[in-house]
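Enquirer: You'll find start_20.txt just under this line, and it carries compact mmCIF, C-alpha atoms.
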```
# COMPACT_ATOMS: atom_id res chain seq x y z
CA MET A 1 10.38 16.03 -16.73
CA LEU A 2 6.97 16.84 -18.25
CA ASN A 3 7.92 15.18 -21.54
CA ARG A 4 8.50 11.87 -19.72
CA TYR A 5 5.04 12.03 -18.19
CA ARG A 6 3.41 12.96 -21.53
CA ALA A 7 5.14 9.99 -23.17
CA ALA A 8 3.86 7.59 -20.52
CA PHE A 9 0.25 8.69 -21.12
CA ALA A 10 0.53 8.60 -24.92
CA VAL A 11 -1.44 5.35 -25.21
CA PRO A 12 -5.25 5.83 -25.21
CA GLY A 13 -6.91 4.60 -22.04
CA THR A 14 -4.02 5.24 -19.66
CA VAL A 15 -5.62 8.34 -18.14
CA GLU A 16 -8.89 6.47 -17.61
CA PHE A 17 -7.50 3.41 -15.81
CA SER A 18 -5.18 5.54 -13.70
CA ALA A 19 -8.10 7.78 -12.66
CA ALA A 20 -10.34 4.79 -11.93
CA GLY A 21 -7.62 3.23 -9.80
CA PHE A 22 -7.21 6.49 -7.92
CA LEU A 23 -10.89 6.61 -6.96
CA ALA A 24 -10.91 2.98 -5.87
CA ARG A 25 -7.76 3.36 -3.76
CA VAL A 26 -8.92 6.30 -1.62
CA SER A 27 -10.38 3.76 0.79
CA LEU A 28 -6.88 2.42 1.53
CA ALA A 29 -6.01 5.64 3.34
CA VAL A 30 -9.40 6.28 4.92
CA TYR A 31 -10.22 2.89 6.45
CA PRO A 32 -7.26 2.35 8.83
CA ILE A 33 -7.22 5.82 10.39
CA ALA A 34 -11.04 5.98 10.46
CA ILE A 35 -11.17 2.68 12.34
CA VAL A 36 -8.62 3.93 14.87
CA LEU A 37 -10.42 7.24 15.38
CA ILE A 38 -13.92 5.73 15.55
CA ILE A 39 -12.99 3.06 18.10
CA SER A 40 -10.58 5.20 20.17
CA GLY A 41 -13.27 7.90 20.35
CA ARG A 42 -15.60 5.32 21.86
CA THR A 43 -13.14 3.55 24.18
CA HIS A 44 -10.55 6.31 24.82
CA SER A 45 -7.89 3.66 24.17
CA TYR A 46 -5.56 3.22 21.19
CA GLY A 47 -4.72 -0.39 22.02
CA PHE A 48 -7.90 -2.12 20.81
CA ALA A 49 -8.36 0.46 18.05
CA GLY A 50 -4.95 -0.51 16.67
CA VAL A 51 -5.85 -4.20 16.91
CA VAL A 52 -9.06 -3.79 14.87
CA SER A 53 -7.30 -1.63 12.29
CA GLY A 54 -4.58 -4.25 12.11
CA CYS A 55 -7.17 -7.01 11.64
CA TYR A 56 -8.55 -5.17 8.61
CA VAL A 57 -5.11 -4.82 7.04
CA VAL A 58 -4.06 -8.40 7.80
CA GLY A 59 -7.33 -9.54 6.23
CA GLY A 60 -6.13 -7.86 3.06
CA ALA A 61 -2.89 -9.79 3.30
CA ILE A 62 -4.91 -13.01 3.29
CA GLY A 63 -7.26 -12.10 0.48
CA ASN A 64 -4.94 -10.20 -1.88
CA PRO A 65 -2.78 -13.14 -3.06
CA ILE A 66 -5.86 -15.29 -3.62
CA ALA A 67 -7.53 -12.54 -5.63
CA ALA A 68 -4.33 -11.92 -7.62
CA VAL A 69 -4.11 -15.57 -8.72
CA LEU A 70 -7.78 -15.40 -9.78
CA VAL A 71 -7.12 -12.19 -11.74
CA ASP A 72 -4.15 -13.74 -13.56
CA LYS A 73 -6.30 -16.77 -14.36
CA LEU A 74 -9.68 -15.16 -15.16
CA GLY A 75 -9.02 -11.49 -15.90
CA GLN A 76 -9.68 -8.28 -13.98
CA HIS A 77 -13.19 -7.65 -15.33
CA ARG A 78 -14.44 -11.01 -14.06
CA VAL A 79 -13.00 -10.81 -10.54
CA LEU A 80 -13.54 -7.13 -9.62
CA PRO A 81 -17.38 -7.11 -9.32
CA TRP A 82 -17.61 -10.18 -7.07
CA PHE A 83 -15.00 -8.94 -4.60
CA LEU A 84 -16.71 -5.55 -4.57
CA ILE A 85 -20.07 -7.09 -3.62
CA ALA A 86 -18.48 -9.10 -0.81
CA HIS A 87 -16.70 -5.97 0.46
CA LEU A 88 -19.90 -3.94 0.48
CA VAL A 89 -21.61 -6.60 2.60
CA SER A 90 -18.77 -6.95 5.14
CA THR A 91 -18.38 -3.17 5.51
CA GLY A 92 -22.13 -2.81 5.97
CA VAL A 93 -22.00 -5.32 8.82
CA PHE A 94 -19.08 -3.48 10.44
CA GLY A 95 -20.92 -0.15 10.22
CA ALA A 96 -24.11 -1.65 11.67
CA LEU A 97 -22.23 -3.10 14.66
CA VAL A 98 -20.56 0.25 15.34
CA THR A 99 -23.92 2.03 15.12
CA VAL A 100 -25.67 -0.23 17.64
CA HIS A 101 -22.65 -0.13 20.02
CA ALA A 102 -22.16 -3.88 19.81
CA PRO A 103 -19.45 -5.46 21.99
CA LEU A 104 -16.02 -4.53 20.72
CA TRP A 105 -14.96 -8.12 20.05
CA THR A 106 -17.73 -8.43 17.45
CA LEU A 107 -15.94 -5.88 15.25
CA VAL A 108 -12.94 -8.14 14.68
CA ALA A 109 -14.53 -10.61 12.23
CA PRO A 110 -16.12 -8.02 9.91
CA ALA A 111 -12.89 -6.00 9.99
CA VAL A 112 -10.97 -9.05 8.79
CA LEU A 113 -13.55 -9.70 6.05
CA MET A 114 -13.34 -6.07 4.95
CA GLY A 115 -9.65 -6.63 4.36
CA VAL A 116 -10.05 -10.03 2.70
CA THR A 117 -12.49 -8.63 0.16
CA MET A 118 -10.51 -5.44 -0.55
CA LEU A 119 -8.73 -6.00 -3.86
CA ASN A 120 -5.22 -4.64 -4.32
CA ILE A 121 -6.23 -2.11 -6.97
CA GLY A 122 -2.71 -0.69 -7.09
CA ALA A 123 -1.35 -4.01 -8.36
CA LEU A 124 -4.10 -4.24 -11.00
CA VAL A 125 -3.35 -0.75 -12.28
CA ARG A 126 0.41 -1.35 -12.35
CA ALA A 127 -0.18 -4.58 -14.26
CA ARG A 128 -1.91 -2.46 -16.90
CA TRP A 129 1.10 -0.15 -17.11
CA SER A 130 3.33 -3.18 -17.59
CA HIS A 131 1.04 -4.54 -20.31
CA ILE A 132 0.97 -1.23 -22.19
CA TRP A 133 4.70 -0.54 -21.85
CA PRO A 134 6.44 -3.96 -21.82
CA GLY A 135 10.17 -4.24 -21.28
CA ASP A 136 12.34 -1.98 -19.17
CA GLY A 137 11.53 1.30 -20.90
CA PRO A 138 11.27 4.69 -19.19
CA GLN A 139 7.51 4.96 -19.84
CA ARG A 140 6.72 2.00 -17.60
CA SER A 141 8.91 3.36 -14.80
CA THR A 142 7.23 6.74 -15.15
CA GLY A 143 3.83 5.05 -15.05
CA TYR A 144 4.80 3.35 -11.81
CA SER A 145 5.91 6.72 -10.47
CA VAL A 146 2.54 8.22 -11.40
CA GLU A 147 0.78 5.53 -9.38
CA SER A 148 3.10 6.04 -6.42
CA THR A 149 2.44 9.78 -6.57
CA LEU A 150 -1.31 9.13 -6.64
CA ASP A 151 -0.90 6.72 -3.71
CA GLU A 152 0.70 9.48 -1.70
CA VAL A 153 -1.94 12.02 -2.74
CA ILE A 154 -4.46 9.50 -1.46
CA PHE A 155 -2.56 9.22 1.82
CA VAL A 156 -2.48 13.01 2.10
CA VAL A 157 -6.17 13.55 1.40
CA GLY A 158 -7.47 10.32 2.96
CA PRO A 159 -6.34 10.93 6.56
CA LEU A 160 -7.68 14.48 6.43
CA ILE A 161 -11.07 13.25 5.23
CA ALA A 162 -11.09 10.42 7.76
CA THR A 163 -10.15 12.67 10.67
CA LEU A 164 -12.71 15.34 9.78
CA LEU A 165 -15.57 12.90 9.29
CA ALA A 166 -14.72 10.49 12.12
CA ILE A 167 -14.53 13.27 14.70
CA HIS A 168 -17.40 15.49 13.54
CA THR A 169 -19.92 13.08 11.95
CA HIS A 170 -21.44 9.65 12.43
CA ALA A 171 -19.25 6.66 11.67
CA LEU A 172 -21.54 5.61 8.82
CA VAL A 173 -20.82 8.86 6.98
CA THR A 174 -17.13 8.01 6.80
CA LEU A 175 -17.76 4.43 5.71
CA GLY A 176 -20.49 5.45 3.25
CA LEU A 177 -18.37 8.02 1.43
CA THR A 178 -15.49 5.57 1.22
CA LEU A 179 -17.70 2.84 -0.19
CA ALA A 180 -19.15 5.21 -2.79
CA LEU A 181 -15.68 6.11 -4.11
CA LEU A 182 -14.55 2.49 -4.02
CA THR A 183 -17.62 1.30 -5.93
CA ALA A 184 -17.33 3.99 -8.60
CA GLY A 185 -13.63 3.39 -9.19
CA THR A 186 -13.87 -0.42 -9.17
CA LEU A 187 -16.77 -0.60 -11.61
CA TRP A 188 -15.14 1.97 -13.89
CA LEU A 189 -11.90 -0.01 -13.94
CA ALA A 190 -13.76 -3.24 -14.73
CA THR A 191 -15.30 -1.66 -17.85
CA LEU A 192 -11.93 -0.55 -19.28
CA ARG A 193 -11.24 -3.71 -21.27
CA SER A 194 -8.89 -2.20 -23.89
CA THR A 195 -6.04 -1.73 -21.41
CA GLU A 196 -6.66 -4.86 -19.35
CA PRO A 197 -3.80 -7.39 -19.48
CA PRO A 198 -4.93 -10.47 -21.42
CA VAL A 199 -5.31 -13.82 -19.69
CA ARG A 200 -2.51 -16.09 -20.85
CA SER A 201 -3.78 -19.64 -21.08
CA ARG A 202 -1.59 -22.51 -19.90
CA ALA A 203 -1.08 -25.78 -21.68
CA VAL A 204 -2.94 -28.84 -20.39
CA GLY A 205 -1.12 -30.18 -17.36
CA GLU A 206 1.09 -27.11 -17.01
CA ARG A 207 1.39 -26.11 -13.37
CA HIS A 208 1.16 -22.62 -11.96
CA ASP A 209 4.49 -21.33 -10.69
CA PHE A 210 3.72 -19.07 -7.76
CA ALA A 211 5.51 -15.74 -7.75
CA LEU A 212 7.29 -16.34 -4.44
CA ARG A 213 9.26 -19.19 -6.04
CA TYR A 214 11.29 -16.79 -8.19
CA PRO A 215 14.71 -15.61 -6.93
CA GLY A 216 14.54 -12.50 -4.80
CA MET A 217 10.77 -12.41 -4.35
CA ALA A 218 10.84 -13.68 -0.76
CA MET A 219 13.47 -11.09 0.24
CA ILE A 220 11.49 -8.27 -1.39
CA THR A 221 8.34 -9.42 0.39
CA TRP A 222 10.06 -9.52 3.80
CA CYS A 223 11.47 -6.06 3.14
CA MET A 224 7.91 -4.87 2.45
CA VAL A 225 6.59 -6.56 5.61
CA PHE A 226 8.88 -4.48 7.80
CA MET A 227 8.28 -1.35 5.75
CA GLY A 228 4.54 -1.90 6.24
CA ALA A 229 5.20 -2.23 9.96
CA VAL A 230 6.85 1.20 9.81
CA PHE A 231 3.69 2.62 8.22
CA GLY A 232 1.28 0.99 10.65
CA SER A 233 3.21 1.67 13.84
CA LEU A 234 4.09 5.22 12.78
CA GLU A 235 0.50 6.10 11.90
CA VAL A 236 -0.94 4.86 15.20
CA THR A 237 1.91 6.44 17.17
CA MET A 238 1.48 9.82 15.47
CA ILE A 239 -2.26 9.72 16.23
CA ALA A 240 -1.45 8.87 19.85
CA PHE A 241 1.20 11.62 20.00
CA CYS A 242 -1.36 14.20 18.85
CA GLY A 243 -3.96 12.91 21.32
CA GLN A 244 -1.50 12.92 24.22
CA HIS A 245 -0.55 16.51 23.37
CA GLY A 246 -4.20 17.62 23.40
CA GLN A 247 -4.40 18.01 19.62
CA ARG A 248 -6.33 14.92 18.50
CA ALA A 249 -7.90 16.83 15.60
CA SER A 250 -4.41 17.46 14.15
CA ALA A 251 -3.76 13.75 13.59
CA GLY A 252 -4.99 13.85 10.00
CA TRP A 253 -2.61 16.50 8.71
CA VAL A 254 0.32 15.04 10.66
CA VAL A 255 -0.21 11.65 8.98
CA ALA A 256 -0.73 13.50 5.69
CA SER A 257 2.68 15.17 6.07
CA PHE A 258 4.35 11.76 5.90
CA ALA A 259 2.53 11.00 2.64
CA ALA A 260 3.27 14.47 1.27
CA GLY A 261 7.01 13.90 1.60
CA SER A 262 6.67 10.62 -0.25
CA ALA A 263 4.59 12.25 -3.01
CA VAL A 264 7.29 14.85 -3.66
CA SER A 265 9.97 12.19 -4.03
CA ALA A 266 7.70 10.13 -6.34
CA VAL A 267 7.31 13.06 -8.76
CA VAL A 268 11.05 13.71 -8.81
CA TYR A 269 11.91 10.02 -9.17
CA GLY A 270 9.55 9.51 -12.11
CA GLY A 271 10.81 12.56 -13.97
CA ARG A 272 14.49 11.65 -13.89
CA HIS A 273 16.57 9.42 -16.14
CA TRP A 274 18.55 7.14 -13.84
CA GLN A 275 21.98 5.77 -14.74
CA SER A 276 22.35 3.46 -11.75
CA SER A 277 20.95 -0.07 -11.80
CA LEU A 278 17.46 -0.80 -10.53
CA LEU A 279 18.74 -3.02 -7.73
CA ARG A 280 21.21 -0.38 -6.58
CA ARG A 281 18.49 2.29 -6.45
CA PHE A 282 16.26 -0.03 -4.43
CA VAL A 283 18.95 -0.84 -1.87
CA ILE A 284 20.08 2.79 -1.43
CA SER A 285 16.55 4.09 -0.92
CA ALA A 286 15.69 1.23 1.46
CA VAL A 287 18.76 1.95 3.58
CA LEU A 288 17.82 5.64 3.74
CA VAL A 289 14.34 4.65 4.92
CA GLY A 290 16.04 2.47 7.52
CA VAL A 291 17.87 5.33 9.22
CA MET A 292 15.56 8.32 8.78
CA PRO A 293 12.94 7.33 11.43
CA PHE A 294 15.46 8.27 14.12
CA LEU A 295 14.29 11.83 13.35
CA LEU A 296 11.11 11.03 15.29
CA PHE A 297 12.93 11.52 18.58
CA ALA A 298 13.50 15.16 17.62
CA ALA A 299 9.73 15.78 17.81
CA THR A 300 8.94 18.09 20.73
CA SER A 301 5.56 19.24 19.45
CA VAL A 302 2.91 18.27 16.92
CA GLY A 303 4.30 20.75 14.40
CA VAL A 304 7.83 19.36 14.67
CA LEU A 305 6.46 15.82 14.38
CA ALA A 306 4.74 16.74 11.10
CA LEU A 307 8.02 18.15 9.74
CA CYS A 308 9.95 15.04 10.76
CA ALA A 309 7.28 12.82 9.19
CA ALA A 310 7.55 14.72 5.88
CA VAL A 311 11.33 14.25 5.78
CA ILE A 312 11.02 10.54 6.59
CA GLY A 313 8.44 10.20 3.84
CA LEU A 314 10.92 11.34 1.18
CA GLY A 315 12.50 7.89 1.10
CA ILE A 316 9.30 5.88 0.73
CA SER A 317 8.26 6.30 -2.91
CA PRO A 318 11.68 5.63 -4.47
CA THR A 319 11.83 2.39 -2.49
CA LEU A 320 8.36 1.25 -3.51
CA ILE A 321 8.70 2.29 -7.18
CA SER A 322 11.96 0.40 -7.57
CA ALA A 323 10.46 -2.59 -5.71
CA PHE A 324 7.57 -2.79 -8.17
CA SER A 325 10.01 -2.55 -11.08
CA LEU A 326 12.16 -5.30 -9.59
CA VAL A 327 9.16 -7.61 -9.31
CA ASP A 328 8.22 -6.81 -12.89
CA SER A 329 11.68 -7.96 -13.99
CA ILE A 330 11.64 -11.13 -11.87
CA VAL A 331 8.28 -12.82 -12.49
CA PRO A 332 6.76 -13.80 -15.88
CA ALA A 333 3.77 -12.00 -17.37
CA ASN A 334 1.30 -14.76 -16.52
CA SER A 335 2.00 -14.29 -12.79
CA LEU A 336 2.65 -10.53 -12.79
CA THR A 337 -0.48 -9.47 -10.91
CA GLU A 338 0.33 -12.00 -8.21
CA GLY A 339 3.95 -10.82 -8.05
CA LEU A 340 2.98 -7.16 -7.75
CA THR A 341 0.36 -8.08 -5.16
CA TRP A 342 2.98 -9.61 -2.87
CA ILE A 343 4.39 -6.11 -2.34
CA GLY A 344 0.99 -4.95 -1.13
CA THR A 345 0.56 -8.13 0.87
CA GLY A 346 3.87 -7.64 2.61
CA LEU A 347 2.99 -4.03 3.38
CA SER A 348 -0.43 -5.12 4.68
CA VAL A 349 0.94 -7.83 6.98
CA GLY A 350 3.53 -5.46 8.37
CA TYR A 351 1.03 -2.62 8.73
CA GLY A 352 -1.37 -4.81 10.65
CA LEU A 353 1.27 -6.17 13.00
CA GLY A 354 2.85 -2.76 13.54
CA ALA A 355 -0.49 -1.10 14.28
CA ALA A 356 -1.54 -3.89 16.62
CA VAL A 357 1.69 -3.87 18.63
CA VAL A 358 2.35 -0.16 18.97
CA GLY A 359 -1.04 0.93 20.32
CA GLY A 360 -0.56 -0.80 23.67
CA ILE A 361 2.95 0.61 24.02
CA ALA A 362 1.66 4.12 23.34
CA ASP A 363 -1.07 3.65 25.95
CA GLU A 364 1.27 2.31 28.65
CA HIS A 365 4.49 4.23 28.03
CA GLY A 366 3.58 7.17 25.81
CA ALA A 367 4.04 7.87 22.13
CA ARG A 368 7.71 8.80 22.48
CA MET A 369 8.65 5.34 23.74
CA ALA A 370 6.46 3.81 21.01
CA PHE A 371 8.64 5.52 18.35
CA TRP A 372 11.15 2.71 18.88
CA VAL A 373 8.78 0.35 17.04
CA PRO A 374 8.91 2.14 13.64
CA VAL A 375 12.65 2.74 14.13
CA GLY A 376 13.35 -0.96 14.68
CA CYS A 377 11.09 -2.02 11.79
CA ALA A 378 12.80 0.42 9.43
CA LEU A 379 16.22 -1.00 10.30
CA ALA A 380 14.93 -4.54 9.69
CA SER A 381 13.54 -3.50 6.29
CA ALA A 382 16.92 -2.06 5.31
CA ALA A 383 18.63 -5.27 6.43
CA PHE A 384 16.45 -7.36 4.10
CA ALA A 385 17.22 -5.00 1.24
CA LEU A 386 20.92 -5.62 1.81
CA LEU A 387 20.27 -9.37 1.96
CA LEU A 388 18.44 -9.10 -1.35
CA ALA A 389 21.47 -7.46 -2.96
CA ALA A 390 23.68 -10.25 -1.63
CA ARG A 391 21.20 -12.85 -2.89
CA LEU A 392 20.95 -11.54 -6.42
CA ARG A 393 24.53 -10.22 -6.77
CA ALA A 394 23.95 -9.29 -10.41
CA ALA A 395 21.36 -7.00 -11.97
CA VAL A 396 18.01 -8.71 -11.54
CA ALA A 397 16.53 -6.81 -14.45
CA ASP A 398 18.78 -8.68 -16.91
CA ALA A 399 18.20 -12.13 -15.44
CA PRO A 400 15.71 -14.61 -17.02
CA ALA A 401 12.63 -15.47 -15.03
CA VAL A 402 13.23 -19.02 -13.83
CA PRO A 403 11.38 -20.37 -10.81
CA VAL A 404 13.30 -21.80 -7.92
CA SER A 405 12.91 -25.55 -7.57
```
Represent the structure of the file as structure tokens.

Expert:
Amino acid sequence: MLNRYRAAFAVPGTVEFSAAGFLARVSLAVYPIAIVLIISGRTHSYGFAGVVSGCYVVGGAIGNPIAAVLVDKLGQHRVLPWFLIAHLVSTGVFGALVTVHAPLWTLVAPAVLMGVTMLNIGALVRARWSHIWPGDGPQRSTGYSVESTLDEVIFVVGPLIATLLAIHTHALVTLGLTLALLTAGTLWLATLRSTEPPVRSRAVGERHDFALRYPGMAMITWCMVFMGAVFGSLEVTMIAFCGQHGQRASAGWVVASFAAGSAVSAVVYGGRHWQSSLLRRFVISAVLVGVMPFLLFAATSVGVLALCAAVIGLGISPTLISAFSLVDSIVPANSLTEGLTWIGTGLSVGYGLGAAVVGGIADEHGARMAFWVPVGCALASAAFALLLAARLRAAVADAPAVPVS
């Protein structure tokens, strides 16, 4: 297993861009739960807190595809600084409004802008792995597994940081620390030109074929939408469950347990040599994710909920890693960042909708009834994975990238 990871990092610069991406992505785990905790602490309601958190994530779904097209056209080093500046401004406005106890409705617009200006750093880093290790070799798959593992480490550490700071310090402390890490990681990544995918110029008059026009991309994106809805609804519901059981401070490590399970499976997945086809691995893992959320109804205490969340999390990374690899095999290199971004966009849209819907249910009927939202979304995600298999029929990895007319 270790030899596969050493081989993936054999190219100079891989450690640096992976580390820079890690720093920049910590904010992904801190922002949503911090927003929920900050606003619910002020209003004693999870409904509006979930709506604002959802607005931030949906904002990312709007901005990410636009930014990805710009990155494919102009290059990462040109786009990263401008989006960072815009994000710093919008987050500063959000923090100022929270500080002065402005009306709650005023938080919606800056929350959306925070999401719009938050670049999908994970897609940019994975595009670098694809550039360094082209083709369908094991090093690229291992690189994707490394990033998924780091994602889950982020979602273990991030909620703990967010919970600790949001409950025990001023809101600006949470936002300030997050912005500092985001700024450091983003600027570092922008300076790493040697591993940046080159901009592939198009001939005069040649049109841009958007990634969603390639066979299978729409199905993968819909699958990610419902998987994102599982994440968003499950996170808000677990926070509500802890609060309704008098253990609000435990919300961070309960959410972290879900990410910890996913991190374990990411390490194992990346260290194995798989004989089955990429599409088959994606469908099997997606179906497992579809049925495992039923374990939530076994939760009788916060401790049992954390255990159930960890088990559910085991299916997440294999699904996401194989999804990224599928996209890599479907879209051409000059649209790869956009293609990889659609996975994050789908997750963001689903997360926002799931978080927005489930908060009110948890308030009115309790967290246990709200568990039906992540369960239903997980089943829908599995259904789209099965539809994808029926759509492609053959191994997508061996098919030429030809846009759908």

Enquirer: If we count all atoms listed in the file and set the cut-off at 12 Å, which residues sit around Thr106 (chain A), ignoring sequence neighbours fewer than 5 positions away in its own chain? Please answer as a ChimeraX atom specification.

Expert: /A:52,93-98,100-101,111-112

Enquirer: Hey, which of A:Asp72, A:Glu152, A:Asp328, A:Glu16 ends up closest to Ala190 (chain A)? Count only C-alpha atoms.

Expert: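 Checking each of A:Asp72, A:Glu152, A:Asp328, A:Glu16 against Ala190 (chain A), counting only C-alpha atoms, the winner is A:Glu16.
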
Enquirer: Could you tell me how far CA of Gly63 (chain A) lies from CA of Val349 (chain A), in Å and to one decimal?

Expert: 11.3 Å

Enquirer: With only C-alpha atoms as the counted atoms, please give the residues lying no more than 9 Å from region 126-141 of chain A, apart from itself and same-chain residues fewer than 6 positions off, as a list of chain:residue names.

Expert: A:Arg4, A:Tyr5, A:Ala7, A:Ala8, A:Phe9, A:Val11, A:Thr14, A:Phe17, A:Ser18, A:Glu147, A:Thr195, A:Glu196, A:Pro197, A:Pro198, A:Gly270, A:His273, A:Ile321, A:Ser322, A:Phe324, A:Ser325, A:Asp328, A:Ser329, A:Ala333, A:Leu336, A:Thr337, A:Leu340, A:Ala397

Enquirer: Would you mind listing what lies within 6 Å of region 376-384 of chain A as a ChimeraX atom specification, with all atoms listed in the file counted and same-chain residues fewer than 6 positions away left out?

Expert: /A:223,226-227,230,286-287,290

Enquirer: Would you work out the distance separating CA of Leu74 (chain A) from CA of Tyr351 (chain A), expressed in Å to one decimal?

Expert: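 The value is 29.0 Å.
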
Enquirer: Grab the CA of Leu113 (chain A) to CA of Asn334 (chain A) distance for me, in Å with one decimal place.

Expert: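 Between these atoms lies a distance of 27.5 Å.
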
Enquirer: Write out as an MDAnalysis selection string which residues come within 12 Å of Leu119 (chain A) when counting only C-alpha atoms, dropping same-chain ones fewer than 3 positions away.

Expert: chainID A and resid 21 24:25 27:28 57 59:71 76 79:87 113:116 122:125 182:183 185:186 337:338 341 344:345 348

Enquirer: Could you give me, as an mmCIF file with C-alpha atoms, keeping the file's coordinate frame, the residues that sit within 8 Å of (11.4, -6.8, 0.9) in the file's coordinates, counting all atoms listed in the file?

Expert:
```
data_model
loop_
_atom_site.group_PDB
_atom_site.id
_atom_site.type_symbol
_atom_site.label_atom_id
_atom_site.label_comp_id
_atom_site.auth_asym_id
_atom_site.auth_seq_id
_atom_site.Cartn_x
_atom_site.Cartn_y
_atom_site.Cartn_z
ATOM 1 C CA MET A 217 10.770 -12.410 -4.350
ATOM 2 C CA ALA A 218 10.840 -13.680 -0.760
ATOM 3 C CA MET A 219 13.470 -11.090 0.240
ATOM 4 C CA ILE A 220 11.490 -8.270 -1.390
ATOM 5 C CA THR A 221 8.340 -9.420 0.390
ATOM 6 C CA TRP A 222 10.060 -9.520 3.800
ATOM 7 C CA CYS A 223 11.470 -6.060 3.140
ATOM 8 C CA MET A 224 7.910 -4.870 2.450
ATOM 9 C CA VAL A 225 6.590 -6.560 5.610
ATOM 10 C CA PHE A 226 8.880 -4.480 7.800
ATOM 11 C CA MET A 227 8.280 -1.350 5.750
ATOM 12 C CA ALA A 323 10.460 -2.590 -5.710
ATOM 13 C CA ILE A 343 4.390 -6.110 -2.340
ATOM 14 C CA GLY A 346 3.870 -7.640 2.610
ATOM 15 C CA SER A 381 13.540 -3.500 6.290
ATOM 16 C CA PHE A 384 16.450 -7.360 4.100
ATOM 17 C CA ALA A 385 17.220 -5.000 1.240
ATOM 18 C CA LEU A 388 18.440 -9.100 -1.350
#
```

Enquirer: From the list A:Leu314, A:Val268, A:Val146, A:Cys55, which residue is nearest Pro110 (chain A) when using only C-alpha atoms?

Expert: A:Cys55

Enquirer: Hey, could you make a per-residue contact list for region 1-98 of chain A against region 352-364 of chain A with 6 Å as the cut-off, showing the nearest pair of atoms and its distance in Å to one decimal, counting all atoms listed in the file, sorted by chain and number, as JSON lines?

Expert:
```
{"residue": "A:Tyr46", "atom": "CA", "partner": "A:Gly359", "partner_atom": "CA", "distance": 5.1}
{"residue": "A:Gly47", "atom": "CA", "partner": "A:Gly359", "partner_atom": "CA", "distance": 4.3}
{"residue": "A:Gly50", "atom": "CA", "partner": "A:Ala356", "partner_atom": "CA", "distance": 4.8}
{"residue": "A:Val51", "atom": "CA", "partner": "A:Ala356", "partner_atom": "CA", "distance": 4.3}
{"residue": "A:Gly54", "atom": "CA", "partner": "A:Gly352", "partner_atom": "CA", "distance": 3.6}
{"residue": "A:Val57", "atom": "CA", "partner": "A:Gly352", "partner_atom": "CA", "distance": 5.2}
{"residue": "A:Val58", "atom": "CA", "partner": "A:Gly352", "partner_atom": "CA", "distance": 5.3}
```

Enquirer: What's around Gly303 (chain A) at 12 Å? Count only C-alpha atoms, leave out sequence neighbours fewer than 5 positions away in its own chain, and write the answer as a list of chain:residue names.

Expert: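 Here the qualifying residues turn out to be A:Met238, A:Phe241, A:Cys242, A:His245, A:Gln247, A:Ser250, A:Ala251, A:Trp253, A:Val254, A:Val255, A:Ser257, A:Leu296, A:Ala298, A:Cys308, A:Ala309, A:Ala310.
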